>>> print(open('work-v2.cif').read())   # mmCIF, C-alpha atoms
data_entry
#
loop_
_atom_site.group_PDB
_atom_site.id
_atom_site.type_symbol
_atom_site.label_atom_id
_atom_site.label_comp_id
_atom_site.auth_asym_id
_atom_site.auth_seq_id
_atom_site.Cartn_x
_atom_site.Cartn_y
_atom_site.Cartn_z
ATOM 1 C CA MET V 1 18.482 32.080 -135.389
ATOM 2 C CA ASN V 2 20.463 31.727 -138.583
ATOM 3 C CA PRO V 3 20.729 35.207 -140.213
ATOM 4 C CA ASP V 4 21.603 33.565 -143.556
ATOM 5 C CA ALA V 5 17.989 32.421 -143.861
ATOM 6 C CA PHE V 6 16.847 36.028 -144.221
ATOM 7 C CA GLN V 7 19.430 36.675 -146.927
ATOM 8 C CA LYS V 8 18.168 33.699 -148.906
ATOM 9 C CA LEU V 9 14.653 35.177 -149.278
ATOM 10 C CA ASP V 10 13.899 36.032 -152.895
ATOM 11 C CA LYS V 11 13.708 39.841 -153.202
ATOM 12 C CA VAL V 12 11.281 39.719 -156.133
ATOM 13 C CA ILE V 13 8.693 37.608 -154.302
ATOM 14 C CA HIS V 14 9.288 39.146 -150.880
ATOM 15 C CA GLU V 15 7.537 42.441 -151.758
ATOM 16 C CA LYS V 16 4.021 42.335 -150.237
ATOM 17 C CA THR V 17 1.954 42.900 -153.405
ATOM 18 C CA ARG V 18 4.040 40.563 -155.543
ATOM 19 C CA LEU V 19 3.829 37.904 -152.822
ATOM 20 C CA ALA V 20 0.028 38.205 -152.920
ATOM 21 C CA ILE V 21 -0.022 37.923 -156.719
ATOM 22 C CA VAL V 22 2.225 34.852 -156.735
ATOM 23 C CA SER V 23 0.186 33.243 -153.917
ATOM 24 C CA LEU V 24 -3.039 33.616 -155.890
ATOM 25 C CA LEU V 25 -1.445 32.312 -159.080
ATOM 26 C CA ALA V 26 0.069 29.347 -157.240
ATOM 27 C CA ALA V 27 -3.404 28.189 -156.218
ATOM 28 C CA THR V 28 -5.088 28.364 -159.596
ATOM 29 C CA PRO V 29 -4.149 27.479 -163.196
ATOM 30 C CA GLU V 30 -4.624 31.057 -164.449
ATOM 31 C CA LEU V 31 -6.128 34.396 -163.445
ATOM 32 C CA SER V 32 -7.153 37.334 -165.570
ATOM 33 C CA PHE V 33 -5.880 40.851 -164.963
ATOM 34 C CA THR V 34 -9.353 41.847 -163.709
ATOM 35 C CA GLU V 35 -9.598 38.936 -161.290
ATOM 36 C CA LEU V 36 -6.186 39.746 -159.809
ATOM 37 C CA ARG V 37 -6.993 43.458 -159.545
ATOM 38 C CA ASP V 38 -10.367 42.841 -157.851
ATOM 39 C CA SER V 39 -9.090 40.119 -155.529
ATOM 40 C CA LEU V 40 -6.247 42.260 -154.226
ATOM 41 C CA ASN V 41 -7.936 45.680 -154.381
ATOM 42 C CA LEU V 42 -5.165 47.117 -156.550
ATOM 43 C CA THR V 43 -5.211 49.905 -159.092
ATOM 44 C CA ASP V 44 -4.583 49.045 -162.746
ATOM 45 C CA GLY V 45 -1.268 50.944 -162.659
ATOM 46 C CA ASN V 46 0.067 49.275 -159.529
ATOM 47 C CA LEU V 47 -0.868 45.807 -160.758
ATOM 48 C CA CYS V 48 0.772 46.492 -164.151
ATOM 49 C CA ILE V 49 4.052 47.490 -162.478
ATOM 50 C CA GLN V 50 4.114 44.430 -160.209
ATOM 51 C CA LEU V 51 3.206 42.054 -163.041
ATOM 52 C CA ARG V 52 5.903 43.518 -165.233
ATOM 53 C CA THR V 53 8.502 42.966 -162.487
ATOM 54 C CA LEU V 54 7.392 39.358 -162.067
ATOM 55 C CA GLN V 55 7.329 38.847 -165.836
ATOM 56 C CA GLN V 56 10.847 40.259 -166.252
ATOM 57 C CA ALA V 57 12.083 37.893 -163.539
ATOM 58 C CA GLY V 58 10.498 35.026 -165.496
ATOM 59 C CA TYR V 59 8.146 34.092 -162.647
ATOM 60 C CA ILE V 60 4.898 34.638 -164.510
ATOM 61 C CA ALA V 61 3.719 34.458 -168.114
ATOM 62 C CA VAL V 62 1.166 36.914 -169.453
ATOM 63 C CA THR V 63 -0.962 35.830 -172.390
ATOM 64 C CA LYS V 64 -2.980 38.348 -174.357
ATOM 65 C CA THR V 65 -6.088 37.086 -176.102
ATOM 66 C CA PHE V 66 -9.233 38.627 -177.502
ATOM 67 C CA GLU V 67 -12.673 37.952 -176.108
ATOM 68 C CA ASN V 68 -15.574 39.530 -178.001
ATOM 69 C CA ARG V 69 -12.992 41.711 -179.810
ATOM 70 C CA ARG V 70 -11.707 43.011 -176.488
ATOM 71 C CA PRO V 71 -8.157 42.349 -175.244
ATOM 72 C CA ARG V 72 -7.838 40.091 -172.233
ATOM 73 C CA SER V 73 -4.609 39.489 -170.284
ATOM 74 C CA THR V 74 -4.253 36.180 -168.487
ATOM 75 C CA CYS V 75 -1.469 35.469 -165.999
ATOM 76 C CA THR V 76 0.018 32.096 -165.108
ATOM 77 C CA LEU V 77 2.886 31.080 -162.865
ATOM 78 C CA THR V 78 5.870 29.667 -164.778
ATOM 79 C CA ALA V 79 7.812 26.591 -163.654
ATOM 80 C CA LYS V 80 10.590 28.909 -162.448
ATOM 81 C CA GLY V 81 8.072 31.051 -160.558
ATOM 82 C CA ARG V 82 6.539 27.995 -158.927
ATOM 83 C CA LYS V 83 9.969 26.747 -157.822
ATOM 84 C CA MET V 84 10.995 30.152 -156.440
ATOM 85 C CA PHE V 85 7.684 30.422 -154.585
ATOM 86 C CA SER V 86 8.120 26.946 -153.146
ATOM 87 C CA ASP V 87 11.688 27.809 -152.067
ATOM 88 C CA TYR V 88 10.451 31.075 -150.522
ATOM 89 C CA ILE V 89 7.843 29.211 -148.431
ATOM 90 C CA GLY V 90 10.511 26.698 -147.403
ATOM 91 C CA ILE V 91 12.752 29.491 -146.110
ATOM 92 C CA LEU V 92 9.876 31.142 -144.224
ATOM 93 C CA GLU V 93 9.020 27.818 -142.587
ATOM 94 C CA GLU V 94 12.674 27.367 -141.670
ATOM 95 C CA ILE V 95 12.729 30.822 -140.016
ATOM 96 C CA VAL V 96 9.555 30.080 -138.042
ATOM 97 C CA LYS V 97 10.876 26.648 -136.986
ATOM 98 C CA GLN V 98 14.177 28.113 -135.799
ATOM 99 C CA SER V 99 12.445 30.851 -133.829
ATOM 100 C CA ARG V 100 10.215 28.286 -132.078
ATOM 101 C CA GLN V 101 13.262 26.160 -131.201
ATOM 102 C CA ASN V 102 14.960 29.205 -129.692
ATOM 103 C CA MET U 1 12.607 40.600 -141.005
ATOM 104 C CA LYS U 2 11.610 38.922 -137.761
ATOM 105 C CA ALA U 3 10.196 35.476 -137.134
ATOM 106 C CA ASN U 4 6.687 36.816 -136.531
ATOM 107 C CA SER U 5 6.832 38.546 -139.928
ATOM 108 C CA ALA U 6 7.662 35.173 -141.464
ATOM 109 C CA GLU U 7 4.586 33.711 -139.766
ATOM 110 C CA GLU U 8 2.463 36.613 -140.995
ATOM 111 C CA ASN U 9 3.690 36.073 -144.550
ATOM 112 C CA LEU U 10 2.900 32.352 -144.355
ATOM 113 C CA SER U 11 -0.567 33.166 -143.033
ATOM 114 C CA LEU U 12 -1.109 35.663 -145.869
ATOM 115 C CA ILE U 13 -0.009 33.084 -148.446
ATOM 116 C CA ARG U 14 -2.365 30.456 -146.990
ATOM 117 C CA THR U 15 -5.320 32.880 -146.946
ATOM 118 C CA LEU U 16 -4.759 34.050 -150.519
ATOM 119 C CA MET U 17 -4.297 30.538 -151.860
ATOM 120 C CA GLU U 18 -7.524 29.465 -150.168
ATOM 121 C CA ARG U 19 -9.341 32.502 -151.538
ATOM 122 C CA ALA U 20 -8.163 31.715 -155.065
ATOM 123 C CA THR U 21 -9.779 28.282 -155.002
ATOM 124 C CA ILE U 22 -13.227 29.668 -154.249
ATOM 125 C CA TYR U 23 -15.301 29.193 -157.326
ATOM 126 C CA ARG U 24 -14.868 32.707 -158.657
ATOM 127 C CA ARG U 25 -15.860 31.700 -162.173
ATOM 128 C CA ALA U 26 -19.050 30.145 -160.821
ATOM 129 C CA LEU U 27 -19.947 33.317 -158.929
ATOM 130 C CA ALA U 28 -21.397 35.191 -161.925
ATOM 131 C CA PRO U 29 -23.843 32.420 -162.985
ATOM 132 C CA ILE U 30 -24.737 31.787 -159.324
ATOM 133 C CA MET U 31 -25.547 35.469 -158.758
ATOM 134 C CA LEU U 32 -27.567 35.662 -161.985
ATOM 135 C CA THR U 33 -29.478 32.460 -161.170
ATOM 136 C CA VAL U 34 -30.303 33.635 -157.639
ATOM 137 C CA GLY U 35 -31.308 37.028 -159.036
ATOM 138 C CA ILE U 36 -33.619 35.476 -161.636
ATOM 139 C CA VAL U 37 -35.172 33.176 -158.993
ATOM 140 C CA GLY U 38 -35.710 36.162 -156.650
ATOM 141 C CA THR U 39 -37.277 38.336 -159.328
ATOM 142 C CA THR U 40 -39.503 35.542 -160.671
ATOM 143 C CA VAL U 41 -40.745 34.514 -157.224
ATOM 144 C CA SER U 42 -41.503 38.132 -156.293
ATOM 145 C CA VAL U 43 -43.641 38.499 -159.438
ATOM 146 C CA VAL U 44 -45.393 35.176 -158.708
ATOM 147 C CA GLY U 45 -45.960 36.271 -155.095
ATOM 148 C CA MET U 46 -47.433 39.611 -156.147
ATOM 149 C CA LEU U 47 -49.684 38.123 -158.847
ATOM 150 C CA GLY U 48 -50.786 35.328 -156.507
ATOM 151 C CA LYS U 49 -51.375 37.868 -153.694
ATOM 152 C CA LEU U 50 -49.352 35.739 -151.264
ATOM 153 C CA ASP U 51 -48.985 38.639 -148.818
ATOM 154 C CA ALA U 52 -50.243 36.896 -145.658
ATOM 155 C CA PRO U 53 -47.398 35.845 -143.309
ATOM 156 C CA ILE U 54 -47.590 32.055 -143.763
ATOM 157 C CA PRO U 55 -47.964 31.960 -147.587
ATOM 158 C CA PHE U 56 -45.230 34.615 -147.836
ATOM 159 C CA VAL U 57 -42.784 32.595 -145.695
ATOM 160 C CA VAL U 58 -43.601 29.301 -147.448
ATOM 161 C CA CYS U 59 -43.189 30.935 -150.872
ATOM 162 C CA TRP U 60 -39.750 32.365 -150.045
ATOM 163 C CA VAL U 61 -38.482 29.313 -148.173
ATOM 164 C CA ILE U 62 -39.184 27.274 -151.315
ATOM 165 C CA ALA U 63 -37.448 29.971 -153.397
ATOM 166 C CA ALA U 64 -34.420 29.946 -151.070
ATOM 167 C CA ALA U 65 -34.190 26.146 -151.224
ATOM 168 C CA PHE U 66 -34.379 26.244 -155.021
ATOM 169 C CA ALA U 67 -31.725 29.004 -155.246
ATOM 170 C CA LEU U 68 -29.474 27.069 -152.858
ATOM 171 C CA LEU U 69 -29.792 23.895 -154.926
ATOM 172 C CA ALA U 70 -29.040 25.814 -158.128
ATOM 173 C CA ALA U 71 -25.965 27.448 -156.528
ATOM 174 C CA PHE U 72 -24.830 24.028 -155.291
ATOM 175 C CA ALA U 73 -25.189 22.517 -158.773
ATOM 176 C CA LEU U 74 -23.289 25.394 -160.427
ATOM 177 C CA ALA U 75 -20.457 25.255 -157.871
ATOM 178 C CA ARG U 76 -20.271 21.471 -158.204
ATOM 179 C CA ARG U 77 -20.039 21.745 -162.006
ATOM 180 C CA GLU U 78 -17.211 24.291 -161.666
ATOM 181 C CA ALA U 79 -15.365 22.075 -159.181
ATOM 182 C CA ILE U 80 -15.512 19.109 -161.555
ATOM 183 C CA ARG U 81 -14.351 21.265 -164.484
ATOM 184 C CA GLU U 82 -11.404 22.705 -162.510
ATOM 185 C CA HIS U 83 -10.503 19.338 -160.935
ATOM 186 C CA GLU U 84 -10.948 20.890 -157.496
ATOM 187 C CA ALA U 85 -12.418 19.268 -154.424
ATOM 188 C CA PHE U 86 -15.943 20.596 -153.882
ATOM 189 C CA TRP U 87 -15.883 20.493 -150.099
ATOM 190 C CA SER U 88 -12.512 22.234 -149.801
ATOM 191 C CA PRO U 89 -11.408 24.058 -146.596
ATOM 192 C CA PRO U 90 -12.366 27.509 -147.975
ATOM 193 C CA THR U 91 -15.779 26.209 -149.092
ATOM 194 C CA ARG U 92 -16.294 24.851 -145.603
ATOM 195 C CA ARG U 93 -15.337 28.237 -144.112
ATOM 196 C CA VAL U 94 -17.812 30.049 -146.370
ATOM 197 C CA ALA U 95 -20.571 27.583 -145.407
ATOM 198 C CA LEU U 96 -19.749 28.038 -141.718
ATOM 199 C CA ALA U 97 -19.759 31.838 -142.120
ATOM 200 C CA LEU U 98 -23.243 31.681 -143.662
ATOM 201 C CA LEU U 99 -24.655 29.158 -141.171
ATOM 202 C CA PRO U 100 -25.355 31.587 -138.245
ATOM 203 C CA SER U 101 -27.160 34.022 -140.531
ATOM 204 C CA GLY U 102 -29.193 31.146 -141.968
ATOM 205 C CA MET U 103 -30.247 30.156 -138.454
ATOM 206 C CA MET U 104 -31.062 33.779 -137.610
ATOM 207 C CA GLY U 105 -33.251 33.919 -140.725
ATOM 208 C CA VAL U 106 -35.294 31.005 -139.336
ATOM 209 C CA ILE U 107 -35.484 32.472 -135.803
ATOM 210 C CA VAL U 108 -36.682 35.887 -137.001
ATOM 211 C CA VAL U 109 -39.676 34.211 -138.705
ATOM 212 C CA CYS U 110 -40.933 33.294 -135.210
ATOM 213 C CA VAL U 111 -40.697 36.834 -133.814
ATOM 214 C CA GLU U 112 -41.657 39.095 -136.740
ATOM 215 C CA ALA U 113 -45.295 38.936 -137.851
ATOM 216 C CA ASP U 114 -45.244 41.685 -140.483
ATOM 217 C CA PRO U 115 -44.057 40.217 -143.845
ATOM 218 C CA THR U 116 -42.564 43.515 -145.110
ATOM 219 C CA ARG U 117 -40.514 43.974 -141.952
ATOM 220 C CA LEU U 118 -39.586 40.271 -142.084
ATOM 221 C CA ALA U 119 -38.245 40.868 -145.610
ATOM 222 C CA GLY U 120 -36.201 43.776 -144.195
ATOM 223 C CA TRP U 121 -34.771 41.568 -141.446
ATOM 224 C CA TRP U 122 -33.902 38.867 -143.979
ATOM 225 C CA LEU U 123 -32.032 41.427 -146.081
ATOM 226 C CA LEU U 124 -30.081 42.606 -143.012
ATOM 227 C CA ILE U 125 -29.262 39.087 -141.839
ATOM 228 C CA TYR U 126 -28.227 37.994 -145.322
ATOM 229 C CA ALA U 127 -25.970 41.072 -145.538
ATOM 230 C CA LEU U 128 -24.162 40.055 -142.349
ATOM 231 C CA GLY U 129 -23.713 36.472 -143.555
ATOM 232 C CA LEU U 130 -22.443 37.655 -146.927
ATOM 233 C CA HIS U 131 -20.016 40.061 -145.276
ATOM 234 C CA GLY U 132 -18.664 37.280 -143.068
ATOM 235 C CA ALA U 133 -18.268 34.910 -146.011
ATOM 236 C CA GLY U 134 -16.806 37.700 -148.168
ATOM 237 C CA PHE U 135 -13.381 37.285 -146.579
ATOM 238 C CA PHE U 136 -12.704 34.321 -148.861
ATOM 239 C CA MET U 137 -14.384 35.772 -151.925
ATOM 240 C CA PRO U 138 -13.681 38.597 -154.376
ATOM 241 C CA SER U 139 -13.875 42.051 -152.769
ATOM 242 C CA GLY U 140 -17.097 42.829 -154.666
ATOM 243 C CA VAL U 141 -19.030 40.392 -152.446
ATOM 244 C CA ARG U 142 -18.361 42.570 -149.428
ATOM 245 C CA ARG U 143 -19.512 45.648 -151.314
ATOM 246 C CA LEU U 144 -22.669 43.742 -152.258
ATOM 247 C CA SER U 145 -23.231 42.915 -148.584
ATOM 248 C CA TRP U 146 -23.199 46.652 -147.786
ATOM 249 C CA LEU U 147 -25.909 47.204 -150.394
ATOM 250 C CA PHE U 148 -28.024 44.490 -148.747
ATOM 251 C CA LEU U 149 -27.393 46.118 -145.367
ATOM 252 C CA LEU U 150 -28.491 49.479 -146.757
ATOM 253 C CA ALA U 151 -31.611 47.955 -148.333
ATOM 254 C CA GLY U 152 -32.580 46.099 -145.145
ATOM 255 C CA GLY U 153 -31.869 49.157 -142.996
ATOM 256 C CA THR U 154 -34.007 51.337 -145.278
ATOM 257 C CA VAL U 155 -36.961 48.921 -145.125
ATOM 258 C CA LEU U 156 -36.807 48.676 -141.327
ATOM 259 C CA GLY U 157 -35.745 52.243 -140.540
ATOM 260 C CA CYS U 158 -38.066 54.096 -142.902
ATOM 261 C CA ARG U 159 -41.043 51.827 -142.115
ATOM 262 C CA ILE U 160 -41.705 51.246 -145.807
ATOM 263 C CA CYS U 161 -45.236 49.975 -146.451
ATOM 264 C CA CYS U 162 -45.364 48.012 -149.692
ATOM 265 C CA SER U 163 -45.815 44.436 -150.773
ATOM 266 C CA PRO U 164 -43.157 42.267 -149.088
ATOM 267 C CA HIS U 165 -42.612 40.628 -152.464
ATOM 268 C CA VAL U 166 -41.479 43.984 -153.878
ATOM 269 C CA VAL U 167 -38.863 44.247 -151.105
ATOM 270 C CA MET U 168 -37.708 40.678 -151.725
ATOM 271 C CA GLY U 169 -37.747 41.127 -155.496
ATOM 272 C CA LEU U 170 -35.735 44.348 -155.423
ATOM 273 C CA GLY U 171 -33.400 43.057 -152.717
ATOM 274 C CA PHE U 172 -32.709 39.402 -153.395
ATOM 275 C CA GLY U 173 -33.711 39.569 -157.052
ATOM 276 C CA GLY U 174 -32.415 42.968 -158.137
ATOM 277 C CA LEU U 175 -29.148 43.166 -156.188
ATOM 278 C CA HIS U 176 -28.064 39.650 -157.160
ATOM 279 C CA LEU U 177 -28.902 40.354 -160.792
ATOM 280 C CA VAL U 178 -26.940 43.627 -160.779
ATOM 281 C CA TYR U 179 -23.912 41.956 -159.193
ATOM 282 C CA GLY U 180 -24.107 39.007 -161.603
ATOM 283 C CA ILE U 181 -24.195 41.394 -164.576
ATOM 284 C CA TYR U 182 -21.282 43.370 -163.067
ATOM 285 C CA LEU U 183 -19.256 40.144 -162.803
ATOM 286 C CA TYR U 184 -19.967 39.272 -166.429
ATOM 287 C CA ILE U 185 -19.044 42.755 -167.638
ATOM 288 C CA THR U 186 -15.795 42.994 -165.657
ATOM 289 C CA ARG U 187 -14.804 39.507 -166.770
ATOM 290 C CA SER U 188 -14.418 40.780 -170.340
ATOM 291 C CA ARG U 189 -13.315 44.329 -169.524
ATOM 292 C CA PRO U 190 -10.422 45.446 -171.754
ATOM 293 C CA THR U 191 -7.125 45.403 -169.925
ATOM 294 C CA SER U 192 -3.678 46.570 -170.858
ATOM 295 C CA LEU U 193 -0.378 45.310 -169.629
#
>>> encode(input="work-v2.cif", output="structure tokens")
Amino acid sequence: MNPDAFQKLDKVIHEKTRLAIVSLLAATPELSFTELRDSLNLTDGNLCIQLRTLQQAGYIAVTKTFENRRPRSTCTLTAKGRKMFSDYIGILEEIVKQSRQN
Amino acid sequence: MKANSAEENLSLIRTLMERATIYRRALAPIMLTVGIVGTTVSVVGMLGKLDAPIPFVVCWVIAAAFALLAAFALARREAIREHEAFWSPPTRRVALALLPSGMMGVIVVCVEADPTRLAGWWLLIYALGLHGAGFFMPSGVRRLSWLFLLAGGTVLGCRICCSPHVVMGLGFGGLHLVYGIYLYITRSRPTSL
């Protein structure tokens, strides 16, 4: 198996919680903070930290709006995030393919 | 990282992406609609004194068919709005998860003569179906299934003697209404980032 494949995995996406967040966002146009938190059974604090990391990497965009005078955060995957996620899946598939060949 | 971890990650990604396409935005109106149907039919059943086994079963089979049609219409509307396929793989999995409990609901009608106990069995069976389908839905659905299980268990275990329509109204009407309201409230809950 080619060890370089492991090195190519994106460190930002590879963390379990962030991978789950990106996977959900890749399948839907947008998700609110509440929907993400409830879907993944995360605490507000943990989700905030992971979203901030993804936002700083430029993988997601967070939009703040007001609904009935209450703030609402909506997350979407950016073009860069979508490409990195696609690349990440490609590398995983490559690893699995190589292991099956061996 | 080993190859099997890569496979696990791919499986996780697939599961989460499928879960995200379930009609989460349609869930709140579906729950509220089913709750309103359940509550209304229980009131109609009580006022009409439809407590005998056959009228009770006929009344609630019609209610279930109506609720199912309403849920179908709401999910279909959401699918069209989101440009998603209605009969997607996760939708199919949810339908398949609910199918055995639906069949059990029909079978139990043949073996349980007491309408109140039948209502208890229906609550239990519905809870199991909901729990099975909950894998591809928001986590709250599984919590709701535990409430149904508790309600059904209480009716059967404590030998509660009341109108079966009260059991159905509180169970299928009340619990769906509460969950629908919870979904609406949490949808607009203030969040900070």
>>> closest_atom_pairs(input="work-v2.cif", of="chain V", to="chain U", cutoff="6 Å", atoms="only C-alpha atoms", output="JSON lines")
{"residue": "V:Ser23", "atom": "CA", "partner": "U:Ile13", "partner_atom": "CA", "distance": 5.5}
{"residue": "V:Leu24", "atom": "CA", "partner": "U:Met17", "partner_atom": "CA", "distance": 5.2}
{"residue": "V:Ala27", "atom": "CA", "partner": "U:Met17", "partner_atom": "CA", "distance": 5.0}
{"residue": "V:Ser39", "atom": "CA", "partner": "U:Pro138", "partner_atom": "CA", "distance": 5.0}
{"residue": "V:Cys48", "atom": "CA", "partner": "U:Leu193", "partner_atom": "CA", "distance": 5.7}
{"residue": "V:Arg70", "atom": "CA", "partner": "U:Pro190", "partner_atom": "CA", "distance": 5.5}
{"residue": "V:Pro71", "atom": "CA", "partner": "U:Pro190", "partner_atom": "CA", "distance": 5.2}
{"residue": "V:Arg72", "atom": "CA", "partner": "U:Thr191", "partner_atom": "CA", "distance": 5.8}
{"residue": "V:Leu92", "atom": "CA", "partner": "U:Ala6", "partner_atom": "CA", "distance": 5.4}
{"residue": "V:Val96", "atom": "CA", "partner": "U:Ala3", "partner_atom": "CA", "distance": 5.5}
>>> closest_residue(input="work-v2.cif", among="U:Ala63, U:Leu123, U:Thr116, U:Gly174", to="Met104 in chain U", atoms="all atoms listed in the file")
U:Leu123
>>> atom_distance(input="work-v2.cif", atom1="CA of Ala79 in chain V", atom2="CA of Tyr59 in chain V")
7.6 Å
>>> resolve_selection(input="work-v2.cif", expression="the PyMOL selection byres ((chain U and resi 26-36) around 7)", output="CSV table (one decimal) with C-alpha atoms, in the coordinates of the input")
chain,number,residue,atom,x,y,z
U,23,TYR,CA,-15.3,29.2,-157.3
U,24,ARG,CA,-14.9,32.7,-158.7
U,25,ARG,CA,-15.9,31.7,-162.2
U,37,VAL,CA,-35.2,33.2,-159.0
U,38,GLY,CA,-35.7,36.2,-156.6
U,39,THR,CA,-37.3,38.3,-159.3
U,40,THR,CA,-39.5,35.5,-160.7
U,67,ALA,CA,-31.7,29.0,-155.2
U,71,ALA,CA,-26.0,27.4,-156.5
U,74,LEU,CA,-23.3,25.4,-160.4
U,75,ALA,CA,-20.5,25.3,-157.9
U,78,GLU,CA,-17.2,24.3,-161.7
U,172,PHE,CA,-32.7,39.4,-153.4
U,173,GLY,CA,-33.7,39.6,-157.1
U,174,GLY,CA,-32.4,43.0,-158.1
U,176,HIS,CA,-28.1,39.6,-157.2
U,177,LEU,CA,-28.9,40.4,-160.8
U,179,TYR,CA,-23.9,42.0,-159.2
U,180,GLY,CA,-24.1,39.0,-161.6
U,183,LEU,CA,-19.3,40.1,-162.8
U,184,TYR,CA,-20.0,39.3,-166.4
>>> atom_distance(input="work-v2.cif", atom1="CA of Glu35 in chain V", atom2="CA of Gly129 in chain U")
22.8 Å
>>> atom_distance(input="work-v2.cif", atom1="CA of Phe72 in chain U", atom2="CA of Ser11 in chain U")
28.7 Å
>>> closest_residue(input="work-v2.cif", among="U:Leu96, U:Val109, U:Ala73, U:Cys59", to="Gly134 in chain U", atoms="only C-alpha atoms")
U:Leu96
>>> resolve_selection(input="work-v2.cif", expression="the PyMOL selection byres ((chain U and resi 99) around 12)", output="ChimeraX atom specification")
/U:92-98,100-106,125-126,128-130,132-133
>>> residues_around(input="work-v2.cif", residues="Leu47 in chain V", least_positions_apart="4", cutoff="9 Å", atoms="all atoms listed in the file", output="list of chain:residue names")
V:Thr17, V:Arg18, V:Ile21, V:Phe33, V:Leu36, V:Arg37, V:Leu42, V:Thr43, V:Leu51, V:Arg52, U:Leu193
>>> closest_residue(input="work-v2.cif", among="V:Gly58, V:Asp38, V:Tyr88, V:Asn46", to="Lys11 in chain V", atoms="all atoms listed in the file")
V:Tyr88
>>> residues_around(input="work-v2.cif", residues="Val22 in chain V", least_positions_apart="3", cutoff="12 Å", atoms="only C-alpha atoms", output="number ranges by chain")
V: 12-19, 25-31, 36, 40, 50-51, 53-55, 59-61, 75-78, 80-86, 88-89; U: 12-14, 16-17, 20
>>> axis_aligned_box(input="work-v2.cif", around="range 62-81 of chain U", padding_each_side="4 Å", output="lines of an AutoDock Vina configuration file")
center_x = -26.8
center_y = 24.5
center_z = -157.8
size_x = 32.8
size_y = 18.9
size_z = 21.4
>>> residues_around(input="work-v2.cif", residues="Val155 in chain U", least_positions_apart="2", cutoff="10 Å", atoms="all atoms listed in the file", output="ChimeraX atom specification")
/U:116-121,123-124,149-153,157-162,164,167
>>> build_atoms(input="work-v2.cif", residues="range 57-72 of chain V", atoms="N, CA and C atoms", output="short mmCIF file (atom, residue, chain, number, x, y, z; two decimals), keeping the file's coordinate frame")
data_model
loop_
_atom_site.label_atom_id
_atom_site.label_comp_id
_atom_site.auth_asym_id
_atom_site.auth_seq_id
_atom_site.Cartn_x
_atom_site.Cartn_y
_atom_site.Cartn_z
N ALA V 57 11.31 38.88 -164.31
CA ALA V 57 12.08 37.89 -163.54
C ALA V 57 11.82 36.47 -164.05
N GLY V 58 10.82 36.34 -164.93
CA GLY V 58 10.50 35.03 -165.50
C GLY V 58 9.62 34.19 -164.58
N TYR V 59 8.97 34.84 -163.61
CA TYR V 59 8.15 34.09 -162.65
C TYR V 59 6.72 33.89 -163.15
N ILE V 60 6.25 34.80 -163.98
CA ILE V 60 4.90 34.64 -164.51
C ILE V 60 4.91 34.82 -166.04
N ALA V 61 3.89 34.26 -166.67
CA ALA V 61 3.72 34.46 -168.11
C ALA V 61 2.39 35.17 -168.32
N VAL V 62 2.40 36.17 -169.18
CA VAL V 62 1.17 36.91 -169.45
C VAL V 62 0.75 36.65 -170.90
N THR V 63 -0.45 36.14 -171.05
CA THR V 63 -0.96 35.83 -172.39
C THR V 63 -2.06 36.83 -172.74
N LYS V 64 -1.95 37.40 -173.92
CA LYS V 64 -2.98 38.35 -174.36
C LYS V 64 -3.86 37.68 -175.40
N THR V 65 -5.13 37.66 -175.15
CA THR V 65 -6.09 37.09 -176.10
C THR V 65 -7.19 38.11 -176.36
N PHE V 66 -8.09 37.75 -177.24
CA PHE V 66 -9.23 38.63 -177.50
C PHE V 66 -10.52 37.89 -177.19
N GLU V 67 -11.38 38.54 -176.44
CA GLU V 67 -12.67 37.95 -176.11
C GLU V 67 -13.73 38.97 -176.53
N ASN V 68 -14.58 38.59 -177.44
CA ASN V 68 -15.57 39.53 -178.00
C ASN V 68 -14.88 40.80 -178.51
N ARG V 69 -13.77 40.62 -179.21
CA ARG V 69 -12.99 41.71 -179.81
C ARG V 69 -12.35 42.63 -178.77
N ARG V 70 -12.34 42.19 -177.53
CA ARG V 70 -11.71 43.01 -176.49
C ARG V 70 -10.46 42.29 -175.97
N PRO V 71 -9.37 43.02 -175.73
CA PRO V 71 -8.16 42.35 -175.24
C PRO V 71 -8.33 41.84 -173.81
N ARG V 72 -7.74 40.69 -173.56
CA ARG V 72 -7.84 40.09 -172.23
C ARG V 72 -6.46 39.54 -171.87
#
